[in-house]
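Shown next, in structure tokens, is the structure this report addresses.
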Amino acid sequence: MKTKGLSDKEILDLVQPLAEHTEQSWNNKNYSGFIQYFIDENPSENFPEEEFNRQIEENYDSYGKHTISDLVAIHRNPDHVIVLWKVKLETRKEPGLLIYGFRERVGNVLIEGCSYHA
């Protein structure tokens with residue numbers, strides 16, 4: 001993903017809808033929506049539905065729904081970008097940290113990885 005010359009707003013306009021879709025899919029416990037914008041050729045092999053369900057079972061009751069909040073930082077690399085946001089957690093007062101990596105693949109910006117830390 002070529003970020004040279006792009007403003008923070010331009011980068012966010014490209015990537016935030018993907019992250020919001022992915023977080024909403026997590027909130028809805030929708031595996032196919034969750035992996036929809038992953039860069040992997042076959043994300044179900046690298047992040048199988050069983051793992052998604054295990055993480056939902058392990059974390060959902062503790063933290064509830066995720067809502068992307070304030071931008072923390074955008075880290076630009078020559079071929080990809082990492083975006084950090086605060087994430088509001090439904091059942092916890094303190095925010096967590098949401099980390100997404102994005103990369104261009106065949107003309108589309110896709111998610112190369114995501115995680116949250118609470």
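Here, A, B, ... name the chains of the structure tokens in the order displayed, residue numbers run from 1 inside each chain, and ligands are numbered from 1 in the same displayed order.
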Tell me, as an mmCIF file with N, CA and C atoms, in the first residue's frame, which residues lie within 7 Å of region 95-107 of chain A, counting only C-alpha atoms; anything in the same chain fewer than 3 positions away does not count.
```cif
data_model
loop_
_atom_site.group_PDB
_atom_site.id
_atom_site.type_symbol
_atom_site.label_atom_id
_atom_site.label_comp_id
_atom_site.auth_asym_id
_atom_site.auth_seq_id
_atom_site.Cartn_x
_atom_site.Cartn_y
_atom_site.Cartn_z
ATOM 1 N N MET A 1 0.858 -1.176 0.000
ATOM 2 C CA MET A 1 0.000 0.000 0.000
ATOM 3 C C MET A 1 0.896 1.228 0.000
ATOM 4 N N ASP A 79 5.358 -0.537 2.012
ATOM 5 C CA ASP A 79 4.340 -1.327 1.305
ATOM 6 C C ASP A 79 3.103 -1.671 2.130
ATOM 7 N N HIS A 80 3.014 -1.183 3.347
ATOM 8 C CA HIS A 80 1.825 -1.424 4.153
ATOM 9 C C HIS A 80 1.718 -0.368 5.255
ATOM 10 N N VAL A 81 0.587 -0.376 5.920
ATOM 11 C CA VAL A 81 0.339 0.598 6.972
ATOM 12 C C VAL A 81 -0.263 -0.135 8.173
ATOM 13 N N ILE A 82 0.096 0.326 9.352
ATOM 14 C CA ILE A 82 -0.465 -0.197 10.597
ATOM 15 C C ILE A 82 -1.202 0.959 11.271
ATOM 16 N N VAL A 83 -2.436 0.690 11.657
ATOM 17 C CA VAL A 83 -3.252 1.720 12.302
ATOM 18 C C VAL A 83 -3.630 1.229 13.691
ATOM 19 N N LEU A 84 -3.449 2.116 14.659
ATOM 20 C CA LEU A 84 -3.808 1.817 16.041
ATOM 21 C C LEU A 84 -4.934 2.746 16.469
ATOM 22 N N TRP A 85 -5.980 2.156 17.004
ATOM 23 C CA TRP A 85 -7.100 2.910 17.550
ATOM 24 C C TRP A 85 -7.326 2.484 18.992
ATOM 25 N N LYS A 86 -7.917 3.372 19.768
ATOM 26 C CA LYS A 86 -8.511 2.941 21.024
ATOM 27 C C LYS A 86 -9.790 2.217 20.641
ATOM 28 N N VAL A 87 -10.153 1.234 21.441
ATOM 29 C CA VAL A 87 -11.391 0.498 21.196
ATOM 30 C C VAL A 87 -12.212 0.513 22.485
ATOM 31 N N LYS A 88 -13.461 0.933 22.344
ATOM 32 C CA LYS A 88 -14.381 0.883 23.479
ATOM 33 C C LYS A 88 -14.871 -0.545 23.600
ATOM 34 N N LEU A 89 -14.866 -1.021 24.832
ATOM 35 C CA LEU A 89 -15.313 -2.376 25.126
ATOM 36 C C LEU A 89 -16.595 -2.279 25.941
ATOM 37 N N LEU A 110 -6.472 -4.535 1.715
ATOM 38 C CA LEU A 110 -7.025 -5.608 2.525
ATOM 39 C C LEU A 110 -6.344 -5.648 3.888
ATOM 40 N N ILE A 111 -6.916 -6.406 4.784
ATOM 41 C CA ILE A 111 -6.394 -6.553 6.142
ATOM 42 C C ILE A 111 -5.370 -7.678 6.158
ATOM 43 N N GLU A 112 -4.149 -7.363 6.637
ATOM 44 C CA GLU A 112 -3.145 -8.418 6.750
ATOM 45 C C GLU A 112 -3.066 -8.968 8.167
ATOM 46 N N GLY A 113 -3.689 -8.303 9.101
ATOM 47 C CA GLY A 113 -3.738 -8.806 10.464
ATOM 48 C C GLY A 113 -4.473 -7.823 11.366
ATOM 49 N N CYS A 114 -5.049 -8.357 12.423
ATOM 50 C CA CYS A 114 -5.716 -7.495 13.394
ATOM 51 C C CYS A 114 -5.680 -8.162 14.763
ATOM 52 N N SER A 115 -5.638 -7.326 15.776
ATOM 53 C CA SER A 115 -5.690 -7.831 17.152
ATOM 54 C C SER A 115 -6.122 -6.697 18.066
ATOM 55 N N TYR A 116 -6.609 -7.084 19.224
ATOM 56 C CA TYR A 116 -6.900 -6.077 20.231
ATOM 57 C C TYR A 116 -6.261 -6.512 21.536
ATOM 58 N N HIS A 117 -5.960 -5.522 22.337
ATOM 59 C CA HIS A 117 -5.341 -5.762 23.638
ATOM 60 C C HIS A 117 -6.153 -5.025 24.682
ATOM 61 N N ALA A 118 -6.609 -5.760 25.659
ATOM 62 C CA ALA A 118 -7.461 -5.159 26.686
ATOM 63 C C ALA A 118 -6.816 -5.275 28.050
#
```
Long-range neighbours of Tyr37 (chain A) as a PyMOL selection string, 10 Å cut-off, only C-alpha atoms, 2 positions minimum in chain = chain A and resi 18-19+21-22+32-35+39-40+43+102+108-112
Let me see the file: selected residues, C-alpha atoms, as a short mmCIF file (atom, residue, chain, number, x, y, z; two decimals), in the first residue's frame.
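Resulting contents of part.cif:
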```
data_model
loop_
_atom_site.label_atom_id
_atom_site.label_comp_id
_atom_site.auth_asym_id
_atom_site.auth_seq_id
_atom_site.Cartn_x
_atom_site.Cartn_y
_atom_site.Cartn_z
CA LEU A 18 -12.69 -2.37 6.55
CA ALA A 19 -11.85 -2.32 10.25
CA HIS A 21 -16.88 -3.99 9.11
CA THR A 22 -14.58 -6.53 10.75
CA SER A 32 -17.67 -15.06 7.23
CA GLY A 33 -18.05 -11.29 7.65
CA PHE A 34 -15.09 -11.19 9.99
CA ILE A 35 -12.69 -12.75 7.47
CA ILE A 39 -5.57 -10.64 2.64
CA ASP A 40 -4.99 -14.39 2.83
CA PRO A 43 -8.23 -17.11 5.51
CA PHE A 102 -3.35 -3.16 5.86
CA ASN A 108 -7.43 -3.65 -3.32
CA VAL A 109 -6.52 -2.63 0.21
CA LEU A 110 -7.03 -5.61 2.52
CA ILE A 111 -6.39 -6.55 6.14
CA GLU A 112 -3.15 -8.42 6.75
#
```
So which bits of region 4-67 of chain A end up helix (DSSP H, G or I) when you DSSP the backbone, as a PyMOL selection string?
-> chain A and resi 8-27+31-34+43-46+49-63
Nearest-residue call for Tyr63 (chain A), choices A:Glu10, A:His75, A:Lys4, A:Thr91, using only C-alpha atoms |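 Of A:Glu10, A:His75, A:Lys4, A:Thr91, the one nearest Tyr63 (chain A), counting only C-alpha atoms, is A:Thr91.
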